[in-house]
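Before any comments, here is the structure.
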Amino acid sequence: MSQENNATPKKRGRPPSAAAQRLALEAAHEILMAEGFGRMTIEAVAARSGVGKPTIYRSWANAQELAMAALLVNRLPEAEVGGATAQAALGAQMSGLVTAFASTRGRQITMALAAADPESEFTKAFRNRVILSSRNAGRVILEEALARGEIVAPLDMEALLDMIYGPVFFRLLVGHRPVSPEFGDAIVRTALRAVAPSGA
């Protein structure tokens, strides 16, 4: 079984409704943008959203996980990628990642990550809710493109996913070059060229 599938333990109890999750995410996003990472607590999100703490904890293990999800809450509505080409869907996803981390709060989170313990809850939340979540979404996009005949089967799907998402997170953490929309577009084009059908 893949690492992604084991990344986040299953929560007990009745799954929260999509509406409750959305309310909690929107409230968390508002707090994160207005007050910063340190002020975004589960208690504050529950008070603002009207969603109970037990319901929030069934979706996110802690405030760090919720903050990472909230940073990307406006990243890419599912309706916008349904049936889209791999180029369009991955490009939109990459644009959302770049936009989120180019924001003031995104840059603050990136700087905090660079100094964080690799085993801290903060780092684990970034790995689970940003890196692995992005790779899982990318995997679905690529598998759908493969089923349509839009791309050929990669030699190694995991390596292809690393080629797509690795450069973004490398630049975020190392900071040697800017993470720009143009950079995101170049990553997607380069990666998809490796799995383009012959003659495409």
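So you can find residues: chains in the structure tokens are A, B, ... in the order shown, residues in each start at 1, and ligands are numbered from 1 in order.
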Would you please extract all alpha helix (DSSP H) residues from chain A, as assigned by DSSP on the backbone, and give them as an NGL selection string?
:A and (18-35 or 42-49 or 53-59 or 63-71 or 86-102 or 104-115 or 121-126 or 133-148 or 157-174 or 181-193)
Write out as a Markdown table the residues of region 145-184 of chain A that have any atom within 9 Å of an atom of region 90-96 of chain A, one row each with the nearest atom pair and its distance in Å to one decimal, counting only C-alpha atoms, sorted by chain and then rising number.
| residue | atom | partner | partner_atom | distance |
| --- | --- | --- | --- | --- |
| A:Ile164 | CA | A:Leu90 | CA | 9.0 |
| A:Tyr165 | CA | A:Met94 | CA | 8.5 |
| A:Val168 | CA | A:Met94 | CA | 8.7 |
| A:Ser180 | CA | A:Ser95 | CA | 8.5 |
| A:Pro181 | CA | A:Ser95 | CA | 5.9 |
| A:Gly184 | CA | A:Met94 | CA | 5.7 |
Pro167 (chain A): which residues within 12 Å, counting only C-alpha atoms, same-chain residues fewer than 2 positions away excluded, as a PDB file with N, CA and C atoms, in the first residue's frame?
ATOM      1  N   MET A  94      -1.134  23.602  -9.972  1.00  0.00           N
ATOM      2  CA  MET A  94       0.162  24.224  -9.713  1.00  0.00           C
ATOM      3  C   MET A  94       0.005  25.722  -9.471  1.00  0.00           C
ATOM      4  N   VAL A  98       1.272  27.739  -6.115  1.00  0.00           N
ATOM      5  CA  VAL A  98       2.158  28.899  -6.222  1.00  0.00           C
ATOM      6  C   VAL A  98       1.505  30.132  -5.600  1.00  0.00           C
ATOM      7  N   ILE A 131       2.063  18.284   0.663  1.00  0.00           N
ATOM      8  CA  ILE A 131       2.842  17.480  -0.281  1.00  0.00           C
ATOM      9  C   ILE A 131       2.074  16.230  -0.718  1.00  0.00           C
ATOM     10  N   LEU A 160       7.462  10.262 -11.650  1.00  0.00           N
ATOM     11  CA  LEU A 160       6.826  11.344 -12.391  1.00  0.00           C
ATOM     12  C   LEU A 160       6.170  12.345 -11.443  1.00  0.00           C
ATOM     13  N   LEU A 161       5.504  11.861 -10.409  1.00  0.00           N
ATOM     14  CA  LEU A 161       4.892  12.752  -9.426  1.00  0.00           C
ATOM     15  C   LEU A 161       5.958  13.577  -8.710  1.00  0.00           C
ATOM     16  N   ASP A 162       7.090  12.950  -8.400  1.00  0.00           N
ATOM     17  CA  ASP A 162       8.183  13.696  -7.773  1.00  0.00           C
ATOM     18  C   ASP A 162       8.723  14.772  -8.710  1.00  0.00           C
ATOM     19  N   MET A 163       8.768  14.462 -10.010  1.00  0.00           N
ATOM     20  CA  MET A 163       9.237  15.444 -10.991  1.00  0.00           C
ATOM     21  C   MET A 163       8.328  16.667 -11.034  1.00  0.00           C
ATOM     22  N   ILE A 164       7.034  16.446 -10.800  1.00  0.00           N
ATOM     23  CA  ILE A 164       6.079  17.543 -10.875  1.00  0.00           C
ATOM     24  C   ILE A 164       6.096  18.387  -9.603  1.00  0.00           C
ATOM     25  N   TYR A 165       6.037  17.733  -8.440  1.00  0.00           N
ATOM     26  CA  TYR A 165       5.875  18.487  -7.187  1.00  0.00           C
ATOM     27  C   TYR A 165       7.183  18.782  -6.459  1.00  0.00           C
ATOM     28  N   PHE A 169       8.407  22.393  -3.994  1.00  0.00           N
ATOM     29  CA  PHE A 169       8.720  22.376  -2.579  1.00  0.00           C
ATOM     30  C   PHE A 169      10.210  22.606  -2.328  1.00  0.00           C
ATOM     31  N   PHE A 170      11.054  22.207  -3.282  1.00  0.00           N
ATOM     32  CA  PHE A 170      12.484  22.492  -3.160  1.00  0.00           C
ATOM     33  C   PHE A 170      12.727  24.003  -3.165  1.00  0.00           C
ATOM     34  N   ARG A 171      12.098  24.694  -4.102  1.00  0.00           N
ATOM     35  CA  ARG A 171      12.276  26.152  -4.148  1.00  0.00           C
ATOM     36  C   ARG A 171      11.673  26.836  -2.934  1.00  0.00           C
ATOM     37  N   LEU A 172      10.550  26.317  -2.460  1.00  0.00           N
ATOM     38  CA  LEU A 172       9.933  26.915  -1.275  1.00  0.00           C
ATOM     39  C   LEU A 172      10.860  26.833  -0.076  1.00  0.00           C
ATOM     40  N   LEU A 173      11.489  25.686   0.124  1.00  0.00           N
ATOM     41  CA  LEU A 173      12.301  25.468   1.314  1.00  0.00           C
ATOM     42  C   LEU A 173      13.721  26.011   1.178  1.00  0.00           C
ATOM     43  N   VAL A 174      14.288  25.950  -0.021  1.00  0.00           N
ATOM     44  CA  VAL A 174      15.657  26.440  -0.213  1.00  0.00           C
ATOM     45  C   VAL A 174      15.676  27.933  -0.499  1.00  0.00           C
ATOM     46  N   GLY A 175      14.695  28.397  -1.278  1.00  0.00           N
ATOM     47  CA  GLY A 175      14.575  29.819  -1.533  1.00  0.00           C
ATOM     48  C   GLY A 175      15.608  30.416  -2.457  1.00  0.00           C
ATOM     49  N   HIS A 176      16.233  29.589  -3.293  1.00  0.00           N
ATOM     50  CA  HIS A 176      17.288  30.101  -4.164  1.00  0.00           C
ATOM     51  C   HIS A 176      16.727  30.844  -5.377  1.00  0.00           C
ATOM     52  N   ARG A 177      15.488  30.513  -5.774  1.00  0.00           N
ATOM     53  CA  ARG A 177      14.830  31.171  -6.890  1.00  0.00           C
ATOM     54  C   ARG A 177      13.360  31.364  -6.539  1.00  0.00           C
ATOM     55  N   PRO A 178      12.700  32.313  -7.166  1.00  0.00           N
ATOM     56  CA  PRO A 178      11.291  32.551  -6.853  1.00  0.00           C
ATOM     57  C   PRO A 178      10.391  31.426  -7.363  1.00  0.00           C
ATOM     58  N   VAL A 179       9.271  31.233  -6.671  1.00  0.00           N
ATOM     59  CA  VAL A 179       8.242  30.295  -7.113  1.00  0.00           C
ATOM     60  C   VAL A 179       7.181  31.130  -7.814  1.00  0.00           C
ATOM     61  N   SER A 180       7.192  31.095  -9.134  1.00  0.00           N
ATOM     62  CA  SER A 180       6.326  31.956  -9.924  1.00  0.00           C
ATOM     63  C   SER A 180       5.358  31.126 -10.757  1.00  0.00           C
ATOM     64  N   PHE A 183       7.143  29.425 -13.536  1.00  0.00           N
ATOM     65  CA  PHE A 183       7.887  28.252 -13.091  1.00  0.00           C
ATOM     66  C   PHE A 183       6.953  27.045 -13.008  1.00  0.00           C
ATOM     67  N   GLY A 184       5.762  27.252 -12.447  1.00  0.00           N
ATOM     68  CA  GLY A 184       4.792  26.172 -12.358  1.00  0.00           C
ATOM     69  C   GLY A 184       4.404  25.637 -13.723  1.00  0.00           C
ATOM     70  N   ASP A 185       4.171  26.534 -14.672  1.00  0.00           N
ATOM     71  CA  ASP A 185       3.824  26.120 -16.031  1.00  0.00           C
ATOM     72  C   ASP A 185       4.958  25.316 -16.665  1.00  0.00           C
ATOM     73  N   ALA A 186       6.183  25.758 -16.437  1.00  0.00           N
ATOM     74  CA  ALA A 186       7.337  25.070 -17.025  1.00  0.00           C
ATOM     75  C   ALA A 186       7.483  23.660 -16.463  1.00  0.00           C
ATOM     76  N   ILE A 187       7.211  23.480 -15.182  1.00  0.00           N
ATOM     77  CA  ILE A 187       7.286  22.149 -14.572  1.00  0.00           C
ATOM     78  C   ILE A 187       6.296  21.200 -15.241  1.00  0.00           C
ATOM     79  N   VAL A 188       5.050  21.664 -15.373  1.00  0.00           N
ATOM     80  CA  VAL A 188       4.009  20.816 -15.943  1.00  0.00           C
ATOM     81  C   VAL A 188       4.340  20.447 -17.388  1.00  0.00           C
ATOM     82  N   THR A 190       7.244  20.337 -18.873  1.00  0.00           N
ATOM     83  CA  THR A 190       8.421  19.453 -18.923  1.00  0.00           C
ATOM     84  C   THR A 190       8.064  18.029 -18.517  1.00  0.00           C
ATOM     85  N   ALA A 191       7.293  17.881 -17.442  1.00  0.00           N
ATOM     86  CA  ALA A 191       6.912  16.564 -16.967  1.00  0.00           C
ATOM     87  C   ALA A 191       6.023  15.829 -17.959  1.00  0.00           C
TER      88      ALA A 191
END
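The spacing separating CA of Val130 (chain A) from CA of Ala69 (chain A) amounts to 7.3 Å.
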Near Ser49 (chain A), within 7 Å and counting only C-alpha atoms, which residues show up once chain neighbours fewer than 6 positions away are dropped, as a VMD selection string?
chain A and resid 23 to 24 27
So that I have them on file, write out the residues from the current selection with all heavy atoms, as an mmCIF file, in the first residue's frame.
data_model
loop_
_atom_site.group_PDB
_atom_site.id
_atom_site.type_symbol
_atom_site.label_atom_id
_atom_site.label_comp_id
_atom_site.auth_asym_id
_atom_site.auth_seq_id
_atom_site.Cartn_x
_atom_site.Cartn_y
_atom_site.Cartn_z
ATOM 1 N N LEU A 23 -17.265 25.105 5.957
ATOM 2 C CA LEU A 23 -17.400 26.205 6.913
ATOM 3 C C LEU A 23 -16.143 26.329 7.774
ATOM 4 O O LEU A 23 -15.647 27.436 8.015
ATOM 5 C CB LEU A 23 -18.627 25.986 7.802
ATOM 6 C CG LEU A 23 -19.994 26.255 7.171
ATOM 7 C CD1 LEU A 23 -21.099 25.795 8.113
ATOM 8 C CD2 LEU A 23 -20.149 27.743 6.849
ATOM 9 N N ALA A 24 -15.639 25.190 8.243
ATOM 10 C CA ALA A 24 -14.436 25.208 9.083
ATOM 11 C C ALA A 24 -13.231 25.707 8.291
ATOM 12 O O ALA A 24 -12.438 26.515 8.793
ATOM 13 C CB ALA A 24 -14.166 23.807 9.628
ATOM 14 N N ALA A 27 -13.503 29.508 7.705
ATOM 15 C CA ALA A 27 -13.206 30.245 8.933
ATOM 16 C C ALA A 27 -11.712 30.208 9.239
ATOM 17 O O ALA A 27 -11.111 31.223 9.612
ATOM 18 C CB ALA A 27 -13.995 29.655 10.104
#
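Neighbours of Gly52 (chain A) closer than or equal to 10 Å, with only C-alpha atoms counted and sequence neighbours fewer than 5 positions away skipped, come out as Ala20, Ala24, Ile42, Glu43, Val45, Ala46, Ala47 and Tyr57 of chain A.
Proximity to Arg135 (chain A) was assessed for A:Ile31, A:Val51, A:Met157, A:Ala63 counting only C-alpha atoms; the smallest distance is recorded for A:Met157.
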